[in-house]
Amino acid sequence: MTQQKSAKASQYQARMPDESGYIEYSDQEHATWQTLFERQTSIIDGRVCQEYIDGLERLRLPHDRIPQLADVDRVLEAATGWRTAQVPALIPFDTFFELLASRRFPVATFIRTPEELDYLKEPDIFHEIFGHCPMLTNPDFAEFTATYGQLGLAATPKQRVYLARLYWLTVEFGLVDTPQGRRIYGGGIISSPKETFHALSETPEHHPFDPVDALRTPYRIDILQPLYYVLDDLHRLHDLSRQDIMAMVEQAMTLGLFEPKFPPKAA
């Protein structure tokens with residue numbers, strides 16, 4: 001459930017497409033997709049926002065095999081002008097921002113092993129396609145994600161660190177209040193069974209979404225999140241994409257980080 005990719009080594013090797021763009025997977029890999037897909041679809045009802053459900057229905061992802069990116073692209077392009085981009089397991093920050101800015105969502109074309117079914121550090125094809133792509137059919141979410149990429153391209157390394165927190169607490173781990181109740185829209189939650197239950201429980205803190213607060217909030221990628229920010233409406237992301245986010249970054253840098261709500265990572 002990593003937010004952005006780095007150039008560090010990965011134990012996984014992305015599958016390369018053939019001349020026609022088709023990516024072949026093994027029966028074991030398809031079986032892993034089916035296990036993950038059926039497990040998550042059995043628990044997200046009543047927990048994810050309607051915009052995600054609508055996107056999932058539009059994508060019509062197969063339950064018993066890993067989807068081909070071209071099939072996902074046809075739906076995303078028609079909905080919001082987005083496409084996927086086949087990438088290695090990990091990519092540099094510059095590439096990540098360039099892809100988002102051009103409305104291409106990076107997808108590492110490997111799937112986790114059965115031994116890492118519940119958690120892996122790198123984002124695999126299940127996390128990217130099942131967790132994020134349904135929301136990319138929503139214009140507000142799609143616009144914000146493209147704006148984020150454009151800002152990241154022009155940002156300094158220090159500014160990017162702050163921007164990463166905003167992405168983490170929205171695109172990856174965001175919640176939204178709806179007439180039906182509090183719901184999940186962040187892909188890092190939606191692709192994780194433990195996080196799906198945890199996020200809506202009384203264990204973590206839930207704070208009203210404030211972009212400057214989010215920019216100041218430390219996080220760890222390897223734990224259940226202790227704090228989630230809650231939008232009052234998904235359209236808030238569209239509004240945010242029209243505001244001066246970099247001025248908010250400068251404000252957050254001046255104010256400094258909040259105290260972490262988690263213990264330091266063991267050396």
# chains A, B, ... in the order shown; residues from 1 in each chain; ligands from 1
>>> residues_around(residues="A:Pro226", least_positions_apart="2", cutoff="12 Å", atoms="only C-alpha atoms", output="list in words")
Leu169, Phe173, Glu195, His198, Ala199, Leu200, Ser201, Glu202, Thr203, Pro204, Glu205, His206, His207, Thr217, Pro218, Tyr219, Arg220, Ile221, Asp222, Ile223, Leu224, Tyr228, Tyr229, Pro260, Lys261, Phe262 and Pro263 of chain A
>>> write_last_selection(atoms="N, CA, C and O atoms", output="mmCIF file, in the first residue's frame")
data_model
loop_
_atom_site.group_PDB
_atom_site.id
_atom_site.type_symbol
_atom_site.label_atom_id
_atom_site.label_comp_id
_atom_site.auth_asym_id
_atom_site.auth_seq_id
_atom_site.Cartn_x
_atom_site.Cartn_y
_atom_site.Cartn_z
ATOM 1 N N LEU A 169 -3.117 10.620 2.727
ATOM 2 C CA LEU A 169 -4.296 10.776 3.570
ATOM 3 C C LEU A 169 -5.567 11.095 2.787
ATOM 4 O O LEU A 169 -6.630 11.306 3.378
ATOM 5 N N PHE A 173 -5.710 6.759 1.801
ATOM 6 C CA PHE A 173 -6.378 6.431 3.061
ATOM 7 C C PHE A 173 -7.475 7.425 3.434
ATOM 8 O O PHE A 173 -7.669 7.740 4.596
ATOM 9 N N GLU A 195 -7.436 -3.160 6.949
ATOM 10 C CA GLU A 195 -7.609 -1.711 6.982
ATOM 11 C C GLU A 195 -9.068 -1.336 6.749
ATOM 12 O O GLU A 195 -9.566 -0.345 7.285
ATOM 13 N N HIS A 198 -10.652 -1.764 10.101
ATOM 14 C CA HIS A 198 -10.030 -0.857 11.062
ATOM 15 C C HIS A 198 -10.442 0.591 10.831
ATOM 16 O O HIS A 198 -10.755 1.324 11.780
ATOM 17 N N ALA A 199 -10.464 1.014 9.573
ATOM 18 C CA ALA A 199 -10.681 2.431 9.256
ATOM 19 C C ALA A 199 -12.021 2.950 9.756
ATOM 20 O O ALA A 199 -12.128 4.114 10.156
ATOM 21 N N LEU A 200 -13.036 2.109 9.734
ATOM 22 C CA LEU A 200 -14.375 2.536 10.135
ATOM 23 C C LEU A 200 -14.722 2.141 11.565
ATOM 24 O O LEU A 200 -15.854 2.329 12.011
ATOM 25 N N SER A 201 -13.734 1.602 12.276
ATOM 26 C CA SER A 201 -13.967 1.215 13.667
ATOM 27 C C SER A 201 -13.753 2.412 14.583
ATOM 28 O O SER A 201 -13.418 3.516 14.139
ATOM 29 N N GLU A 202 -13.905 2.208 15.873
ATOM 30 C CA GLU A 202 -13.683 3.280 16.843
ATOM 31 C C GLU A 202 -12.227 3.342 17.314
ATOM 32 O O GLU A 202 -11.882 4.187 18.130
ATOM 33 N N THR A 203 -11.389 2.457 16.808
ATOM 34 C CA THR A 203 -9.980 2.421 17.238
ATOM 35 C C THR A 203 -9.185 3.632 16.756
ATOM 36 O O THR A 203 -8.520 4.292 17.566
ATOM 37 N N PRO A 204 -9.195 3.966 15.454
ATOM 38 C CA PRO A 204 -8.407 5.123 15.008
ATOM 39 C C PRO A 204 -9.141 6.438 15.254
ATOM 40 O O PRO A 204 -10.348 6.454 15.528
ATOM 41 N N GLU A 205 -8.424 7.527 15.144
ATOM 42 C CA GLU A 205 -9.031 8.848 15.207
ATOM 43 C C GLU A 205 -9.568 9.235 13.826
ATOM 44 O O GLU A 205 -8.967 8.906 12.804
ATOM 45 N N HIS A 206 -10.693 9.927 13.843
ATOM 46 C CA HIS A 206 -11.269 10.476 12.620
ATOM 47 C C HIS A 206 -11.340 11.987 12.769
ATOM 48 O O HIS A 206 -11.996 12.490 13.687
ATOM 49 N N HIS A 207 -10.673 12.724 11.867
ATOM 50 C CA HIS A 207 -10.671 14.181 11.925
ATOM 51 C C HIS A 207 -11.314 14.746 10.664
ATOM 52 O O HIS A 207 -11.131 14.179 9.570
ATOM 53 N N THR A 217 0.782 15.891 8.810
ATOM 54 C CA THR A 217 0.555 14.651 9.555
ATOM 55 C C THR A 217 1.535 13.548 9.149
ATOM 56 O O THR A 217 1.497 13.061 8.015
ATOM 57 N N PRO A 218 2.428 13.125 10.040
ATOM 58 C CA PRO A 218 3.344 12.020 9.724
ATOM 59 C C PRO A 218 2.564 10.707 9.547
ATOM 60 O O PRO A 218 1.468 10.540 10.091
ATOM 61 N N TYR A 219 3.140 9.794 8.790
ATOM 62 C CA TYR A 219 2.509 8.481 8.620
ATOM 63 C C TYR A 219 3.582 7.414 8.479
ATOM 64 O O TYR A 219 4.739 7.703 8.189
ATOM 65 N N ARG A 220 3.169 6.186 8.695
ATOM 66 C CA ARG A 220 4.004 5.023 8.409
ATOM 67 C C ARG A 220 3.258 4.121 7.450
ATOM 68 O O ARG A 220 2.037 3.976 7.545
ATOM 69 N N ILE A 221 3.991 3.489 6.534
ATOM 70 C CA ILE A 221 3.334 2.656 5.530
ATOM 71 C C ILE A 221 3.079 1.231 6.010
ATOM 72 O O ILE A 221 2.331 0.497 5.379
ATOM 73 N N ASP A 222 3.712 0.840 7.113
ATOM 74 C CA ASP A 222 3.709 -0.572 7.499
ATOM 75 C C ASP A 222 2.837 -0.871 8.717
ATOM 76 O O ASP A 222 2.997 -1.914 9.354
ATOM 77 N N ILE A 223 1.902 0.032 9.040
ATOM 78 C CA ILE A 223 1.002 -0.188 10.181
ATOM 79 C C ILE A 223 -0.413 0.190 9.777
ATOM 80 O O ILE A 223 -0.626 0.895 8.779
ATOM 81 N N LEU A 224 -1.386 -0.291 10.549
ATOM 82 C CA LEU A 224 -2.743 0.215 10.385
ATOM 83 C C LEU A 224 -2.743 1.685 10.784
ATOM 84 O O LEU A 224 -2.147 2.060 11.798
ATOM 85 N N TYR A 228 -7.402 9.060 10.357
ATOM 86 C CA TYR A 228 -7.938 9.260 9.018
ATOM 87 C C TYR A 228 -8.613 10.625 8.951
ATOM 88 O O TYR A 228 -9.256 11.059 9.913
ATOM 89 N N TYR A 229 -8.470 11.271 7.792
ATOM 90 C CA TYR A 229 -9.175 12.532 7.557
ATOM 91 C C TYR A 229 -10.432 12.255 6.741
ATOM 92 O O TYR A 229 -10.404 11.476 5.776
ATOM 93 N N PRO A 260 3.894 12.474 15.855
ATOM 94 C CA PRO A 260 3.386 11.209 15.324
ATOM 95 C C PRO A 260 2.466 10.507 16.314
ATOM 96 O O PRO A 260 2.683 10.570 17.532
ATOM 97 N N LYS A 261 1.459 9.826 15.779
ATOM 98 C CA LYS A 261 0.528 9.066 16.607
ATOM 99 C C LYS A 261 0.862 7.588 16.586
ATOM 100 O O LYS A 261 0.009 6.737 16.771
ATOM 101 N N PHE A 262 2.132 7.285 16.326
ATOM 102 C CA PHE A 262 2.582 5.904 16.245
ATOM 103 C C PHE A 262 4.007 5.823 16.789
ATOM 104 O O PHE A 262 4.723 6.825 16.826
ATOM 105 N N PRO A 263 4.424 4.661 17.240
ATOM 106 C CA PRO A 263 5.799 4.508 17.747
ATOM 107 C C PRO A 263 6.785 4.545 16.609
ATOM 108 O O PRO A 263 6.430 4.248 15.449
#
>>> closest_atom_pairs(of="stretch 192-236 of chain A", to="stretch 36-60 of chain A", cutoff="8 Å", atoms="only C-alpha atoms", output="tab-separated table")
residue	atom	partner	partner_atom	distance
A:Ser192	CA	A:Gln40	CA	7.5
A:Pro193	CA	A:Gln40	CA	6.4
A:Thr196	CA	A:Ile44	CA	7.5
A:Leu200	CA	A:Arg47	CA	7.8
>>> residues_around(residues="A:Thr147", least_positions_apart="2", cutoff="9 Å", atoms="only C-alpha atoms", output="PDB file with C-alpha atoms, in the first residue's frame")
ATOM      1  CA  LEU A 100      -0.153  11.346 -12.999  1.00  0.00           C
ATOM      2  CA  ALA A 101       0.168  14.790 -14.574  1.00  0.00           C
ATOM      3  CA  ALA A 142      -9.570  12.050 -11.273  1.00  0.00           C
ATOM      4  CA  GLU A 143      -9.080  15.825 -11.416  1.00  0.00           C
ATOM      5  CA  PHE A 144      -7.452  15.973  -8.003  1.00  0.00           C
ATOM      6  CA  THR A 145      -5.072  13.113  -8.836  1.00  0.00           C
ATOM      7  CA  GLY A 149       0.903  15.020 -10.395  1.00  0.00           C
ATOM      8  CA  GLN A 150       1.304  18.475 -11.919  1.00  0.00           C
ATOM      9  CA  LEU A 151       2.207  19.978  -8.541  1.00  0.00           C
ATOM     10  CA  GLY A 152       4.673  17.199  -7.788  1.00  0.00           C
ATOM     11  CA  SER A 241      -7.546  21.010  -7.010  1.00  0.00           C
ATOM     12  CA  ARG A 242      -8.586  24.593  -7.850  1.00  0.00           C
TER      13      ARG A 242
END
>>> atom_distance(atom1="atom CA of A:Asp118", atom2="atom CA of A:Ser191")
9.5 Å
>>> residues_around(residues="A:Gly187", least_positions_apart="5", cutoff="9 Å", atoms="only C-alpha atoms", output="number ranges by chain")
A: 1, 127-128, 130-133, 135, 171-174, 192
>>> write_last_selection(atoms="N, CA, C and O atoms", output="short mmCIF file (atom, residue, chain, number, x, y, z; two decimals), in the first residue's frame")
data_model
loop_
_atom_site.label_atom_id
_atom_site.label_comp_id
_atom_site.auth_asym_id
_atom_site.auth_seq_id
_atom_site.Cartn_x
_atom_site.Cartn_y
_atom_site.Cartn_z
N MET A 1 0.82 -1.20 0.00
CA MET A 1 0.00 0.00 0.00
C MET A 1 0.86 1.26 0.00
O MET A 1 0.55 2.25 0.62
N HIS A 127 -3.72 -4.00 -5.88
CA HIS A 127 -3.86 -2.72 -5.19
C HIS A 127 -4.19 -1.60 -6.17
O HIS A 127 -5.09 -0.79 -5.92
N GLU A 128 -3.46 -1.53 -7.27
CA GLU A 128 -3.63 -0.43 -8.21
C GLU A 128 -4.95 -0.51 -8.97
O GLU A 128 -5.66 0.50 -9.11
N PHE A 130 -7.79 -2.76 -8.44
CA PHE A 130 -8.98 -2.88 -7.60
C PHE A 130 -9.10 -1.72 -6.63
O PHE A 130 -10.19 -1.20 -6.40
N GLY A 131 -7.97 -1.30 -6.05
CA GLY A 131 -8.02 -0.25 -5.04
C GLY A 131 -8.27 1.13 -5.61
O GLY A 131 -9.06 1.90 -5.05
N HIS A 132 -7.61 1.47 -6.74
CA HIS A 132 -7.63 2.85 -7.23
C HIS A 132 -8.45 3.09 -8.49
O HIS A 132 -9.08 4.15 -8.62
N CYS A 133 -8.41 2.18 -9.45
CA CYS A 133 -9.00 2.48 -10.75
C CYS A 133 -10.50 2.76 -10.72
O CYS A 133 -10.98 3.61 -11.48
N MET A 135 -12.13 4.47 -8.57
CA MET A 135 -12.28 5.88 -8.20
C MET A 135 -11.83 6.81 -9.33
O MET A 135 -12.29 7.96 -9.41
N VAL A 171 -5.92 10.04 -1.37
CA VAL A 171 -5.99 9.01 -2.41
C VAL A 171 -5.80 7.61 -1.84
O VAL A 171 -6.48 6.66 -2.24
N GLU A 172 -4.90 7.46 -0.88
CA GLU A 172 -4.64 6.13 -0.32
C GLU A 172 -5.53 5.81 0.88
O GLU A 172 -6.06 4.69 0.97
N PHE A 173 -5.71 6.76 1.80
CA PHE A 173 -6.38 6.43 3.06
C PHE A 173 -7.48 7.43 3.43
O PHE A 173 -7.67 7.74 4.60
N GLY A 174 -8.21 7.89 2.42
CA GLY A 174 -9.26 8.86 2.67
C GLY A 174 -10.61 8.24 3.00
O GLY A 174 -10.97 7.17 2.51
N SER A 192 -7.24 -3.60 1.27
CA SER A 192 -6.76 -4.31 2.46
C SER A 192 -7.92 -4.70 3.36
O SER A 192 -8.64 -3.83 3.85
#
>>> residues_around(residues="stretch 63-76 of chain A", least_positions_apart="3", cutoff="8 Å", atoms="only C-alpha atoms", output="list in words")
Gly21, Tyr22, Ile23, Tyr25, Glu29, His30, Ala31, Trp33, Gln34, Phe37, Glu38, Arg58, Leu59, Ala79, Thr80, Gly81, Trp82, Arg83, Thr84, Gln86, Cys133, Leu136 and Thr137 of chain A
>>> write_last_selection(atoms="N, CA and C atoms", output="PDB file, in the first residue's frame")
ATOM      1  N   GLY A  21       0.406  -6.182 -26.695  1.00  0.00           N
ATOM      2  CA  GLY A  21       0.040  -5.557 -25.427  1.00  0.00           C
ATOM      3  C   GLY A  21      -0.533  -6.513 -24.406  1.00  0.00           C
ATOM      4  N   TYR A  22      -0.587  -7.795 -24.734  1.00  0.00           N
ATOM      5  CA  TYR A  22      -1.170  -8.797 -23.829  1.00  0.00           C
ATOM      6  C   TYR A  22      -0.130  -9.257 -22.809  1.00  0.00           C
ATOM      7  N   ILE A  23      -0.541  -9.330 -21.557  1.00  0.00           N
ATOM      8  CA  ILE A  23       0.342  -9.808 -20.493  1.00  0.00           C
ATOM      9  C   ILE A  23      -0.151 -11.172 -20.028  1.00  0.00           C
ATOM     10  N   TYR A  25      -0.226 -14.346 -17.470  1.00  0.00           N
ATOM     11  CA  TYR A  25      -0.001 -14.679 -16.070  1.00  0.00           C
ATOM     12  C   TYR A  25      -0.212 -16.171 -15.869  1.00  0.00           C
ATOM     13  N   GLU A  29      -1.066 -17.124 -10.334  1.00  0.00           N
ATOM     14  CA  GLU A  29      -1.264 -15.678 -10.239  1.00  0.00           C
ATOM     15  C   GLU A  29      -2.736 -15.304 -10.422  1.00  0.00           C
ATOM     16  N   HIS A  30      -3.398 -15.953 -11.353  1.00  0.00           N
ATOM     17  CA  HIS A  30      -4.836 -15.710 -11.513  1.00  0.00           C
ATOM     18  C   HIS A  30      -5.595 -16.142 -10.261  1.00  0.00           C
ATOM     19  N   ALA A  31      -5.177 -17.253  -9.671  1.00  0.00           N
ATOM     20  CA  ALA A  31      -5.836 -17.736  -8.452  1.00  0.00           C
ATOM     21  C   ALA A  31      -5.648 -16.748  -7.300  1.00  0.00           C
ATOM     22  N   TRP A  33      -5.286 -13.461  -7.631  1.00  0.00           N
ATOM     23  CA  TRP A  33      -6.230 -12.371  -7.931  1.00  0.00           C
ATOM     24  C   TRP A  33      -7.640 -12.742  -7.473  1.00  0.00           C
ATOM     25  N   GLN A  34      -8.073 -13.954  -7.814  1.00  0.00           N
ATOM     26  CA  GLN A  34      -9.431 -14.377  -7.462  1.00  0.00           C
ATOM     27  C   GLN A  34      -9.626 -14.389  -5.953  1.00  0.00           C
ATOM     28  N   PHE A  37      -9.754 -10.709  -4.863  1.00  0.00           N
ATOM     29  CA  PHE A  37     -10.963 -10.056  -5.373  1.00  0.00           C
ATOM     30  C   PHE A  37     -12.201 -10.501  -4.603  1.00  0.00           C
ATOM     31  N   GLU A  38     -12.347 -11.807  -4.429  1.00  0.00           N
ATOM     32  CA  GLU A  38     -13.543 -12.313  -3.756  1.00  0.00           C
ATOM     33  C   GLU A  38     -13.539 -11.958  -2.282  1.00  0.00           C
ATOM     34  N   ARG A  58     -18.598  -0.145 -13.577  1.00  0.00           N
ATOM     35  CA  ARG A  58     -18.244   0.276 -14.926  1.00  0.00           C
ATOM     36  C   ARG A  58     -17.051  -0.520 -15.452  1.00  0.00           C
ATOM     37  N   LEU A  59     -16.077  -0.781 -14.591  1.00  0.00           N
ATOM     38  CA  LEU A  59     -14.879  -1.503 -15.016  1.00  0.00           C
ATOM     39  C   LEU A  59     -15.166  -2.971 -15.311  1.00  0.00           C
ATOM     40  N   ALA A  79     -14.504   7.610 -19.310  1.00  0.00           N
ATOM     41  CA  ALA A  79     -15.067   8.258 -18.119  1.00  0.00           C
ATOM     42  C   ALA A  79     -14.390   9.579 -17.791  1.00  0.00           C
ATOM     43  N   THR A  80     -13.053   9.584 -17.746  1.00  0.00           N
ATOM     44  CA  THR A  80     -12.332  10.771 -17.261  1.00  0.00           C
ATOM     45  C   THR A  80     -11.069  11.099 -18.055  1.00  0.00           C
ATOM     46  N   GLY A  81     -10.804  10.367 -19.139  1.00  0.00           N
ATOM     47  CA  GLY A  81      -9.604  10.633 -19.923  1.00  0.00           C
ATOM     48  C   GLY A  81      -8.338  10.023 -19.358  1.00  0.00           C
ATOM     49  N   TRP A  82      -8.445   9.183 -18.343  1.00  0.00           N
ATOM     50  CA  TRP A  82      -7.281   8.525 -17.754  1.00  0.00           C
ATOM     51  C   TRP A  82      -6.966   7.230 -18.495  1.00  0.00           C
ATOM     52  N   ARG A  83      -5.737   6.769 -18.329  1.00  0.00           N
ATOM     53  CA  ARG A  83      -5.289   5.455 -18.782  1.00  0.00           C
ATOM     54  C   ARG A  83      -4.350   4.896 -17.724  1.00  0.00           C
ATOM     55  N   THR A  84      -4.090   3.616 -17.791  1.00  0.00           N
ATOM     56  CA  THR A  84      -3.059   3.028 -16.949  1.00  0.00           C
ATOM     57  C   THR A  84      -1.720   3.132 -17.674  1.00  0.00           C
ATOM     58  N   GLN A  86       1.823   0.725 -17.749  1.00  0.00           N
ATOM     59  CA  GLN A  86       2.543  -0.446 -17.266  1.00  0.00           C
ATOM     60  C   GLN A  86       3.933  -0.014 -16.844  1.00  0.00           C
ATOM     61  N   CYS A 133      -8.408   2.180  -9.446  1.00  0.00           N
ATOM     62  CA  CYS A 133      -9.001   2.484 -10.749  1.00  0.00           C
ATOM     63  C   CYS A 133     -10.505   2.756 -10.720  1.00  0.00           C
ATOM     64  N   LEU A 136     -10.958   6.347 -10.210  1.00  0.00           N
ATOM     65  CA  LEU A 136     -10.502   7.182 -11.316  1.00  0.00           C
ATOM     66  C   LEU A 136     -11.582   7.378 -12.376  1.00  0.00           C
ATOM     67  N   THR A 137     -12.703   6.689 -12.252  1.00  0.00           N
ATOM     68  CA  THR A 137     -13.847   6.967 -13.127  1.00  0.00           C
ATOM     69  C   THR A 137     -14.658   8.148 -12.608  1.00  0.00           C
TER      70      THR A 137
END
>>> closest_residue(among="A:Glu77, A:Glu122, A:Asp232, A:Asp177", to="A:Ala14", atoms="only C-alpha atoms")
A:Glu122
>>> closest_residue(among="A:Asp94, A:Leu227, A:Ala89, A:Gln243", to="A:Thr156", atoms="only C-alpha atoms")
A:Asp94
>>> select_by_dssp(residues="stretch 21-228 of chain A", states="strand (DSSP E or B)", output="list in words")
Val48, Arg83, Thr84, Ala85, Gln86, Val87, Arg104, Phe105, Pro106, Val107, Ala108, Leu175, Val176, Asp177, Thr178, Gly181, Arg182, Arg183, Ile184, Glu205, His206, His207, Pro208, Leu227 and Tyr228 of chain A
>>> atom_distance(atom1="atom CA of A:Pro114", atom2="atom CA of A:Pro62")
19.2 Å
>>> residues_around(residues="A:Thr32", least_positions_apart="5", cutoff="8 Å", atoms="only C-alpha atoms", output="ChimeraX atom specification")
/A:111-114,117
>>> atom_distance(atom1="atom CA of A:Tyr185", atom2="atom CA of A:Val249")
23.1 Å
>>> residues_around(residues="A:Pro179", least_positions_apart="3", cutoff="10 Å", atoms="only C-alpha atoms", output="PyMOL selection string")
chain A and resi 182-183+233
>>> closest_residue(among="A:Leu215, A:Leu237, A:Ala85, A:Met246", to="A:Ala155", atoms="only C-alpha atoms")
A:Met246
>>> closest_residue(among="A:Ala78, A:Ala214, A:Leu163, A:Asp27", to="A:Phe93", atoms="only C-alpha atoms")
A:Leu163
>>> select_by_dssp(residues="stretch 14-248 of chain A", states="helix (DSSP H, G or I)", output="VMD selection string")
chain A and resid 27 to 41 50 to 59 69 to 80 93 to 101 114 to 116 125 to 132 135 to 137 139 to 154 157 to 172 187 to 190 193 to 199 211 to 215 235 to 241 245 to 248
>>> closest_residue(among="A:Phe258, A:Phe110, A:Phe96, A:Tyr162", to="A:Asp124", atoms="only C-alpha atoms")
A:Phe110
>>> closest_residue(among="A:Leu153, A:Leu99, A:Ile125, A:Val230", to="A:Asp213", atoms="only C-alpha atoms")
A:Val230
>>> decode(residues="stretch 244-259 of chain A", atoms="N, CA, C and O atoms", output="compact mmCIF listing (two decimals), in the first residue's frame")
# COMPACT_ATOMS: atom_id res chain seq x y z
N ASP A 244 -4.76 26.96 -4.16
CA ASP A 244 -3.30 27.07 -4.19
C ASP A 244 -2.70 26.09 -3.18
O ASP A 244 -2.37 26.46 -2.05
N ILE A 245 -2.57 24.85 -3.61
CA ILE A 245 -2.07 23.81 -2.72
C ILE A 245 -0.63 24.07 -2.31
O ILE A 245 -0.23 23.81 -1.16
N MET A 246 0.16 24.63 -3.21
CA MET A 246 1.56 24.88 -2.85
C MET A 246 1.68 25.96 -1.78
O MET A 246 2.62 25.93 -0.96
N ALA A 247 0.76 26.92 -1.74
CA ALA A 247 0.75 27.89 -0.65
C ALA A 247 0.44 27.18 0.66
O ALA A 247 0.99 27.52 1.72
N MET A 248 -0.42 26.15 0.60
CA MET A 248 -0.73 25.35 1.78
C MET A 248 0.50 24.56 2.22
O MET A 248 0.75 24.40 3.42
N VAL A 249 1.27 24.07 1.25
CA VAL A 249 2.51 23.35 1.56
C VAL A 249 3.47 24.28 2.31
O VAL A 249 4.07 23.90 3.32
N GLU A 250 3.61 25.49 1.82
CA GLU A 250 4.50 26.46 2.48
C GLU A 250 4.02 26.75 3.90
O GLU A 250 4.81 26.88 4.83
N GLN A 251 2.70 26.86 4.07
CA GLN A 251 2.14 27.09 5.41
C GLN A 251 2.44 25.92 6.33
O GLN A 251 2.83 26.10 7.49
N ALA A 252 2.26 24.71 5.80
CA ALA A 252 2.53 23.51 6.60
C ALA A 252 4.00 23.42 6.98
O ALA A 252 4.36 23.04 8.10
N MET A 253 4.89 23.78 6.06
CA MET A 253 6.31 23.75 6.34
C MET A 253 6.67 24.76 7.43
O MET A 253 7.53 24.49 8.28
N THR A 254 6.00 25.90 7.42
CA THR A 254 6.26 26.91 8.44
C THR A 254 5.76 26.45 9.81
O THR A 254 6.43 26.62 10.83
N LEU A 255 4.59 25.83 9.82
CA LEU A 255 3.99 25.37 11.08
C LEU A 255 4.71 24.13 11.63
O LEU A 255 4.77 23.93 12.85
N GLY A 256 5.23 23.29 10.76
CA GLY A 256 5.92 22.07 11.20
C GLY A 256 4.98 20.89 11.34
O GLY A 256 3.75 21.02 11.30
N LEU A 257 5.56 19.73 11.54
CA LEU A 257 4.78 18.50 11.62
C LEU A 257 4.10 18.34 12.98
O LEU A 257 4.62 18.80 14.01
N PHE A 258 2.97 17.65 12.97
CA PHE A 258 2.35 17.23 14.21
C PHE A 258 3.18 16.10 14.82
O PHE A 258 3.96 15.43 14.15
N GLU A 259 2.99 15.88 16.11
CA GLU A 259 3.63 14.74 16.76
C GLU A 259 3.06 13.45 16.18
O GLU A 259 1.84 13.33 16.02
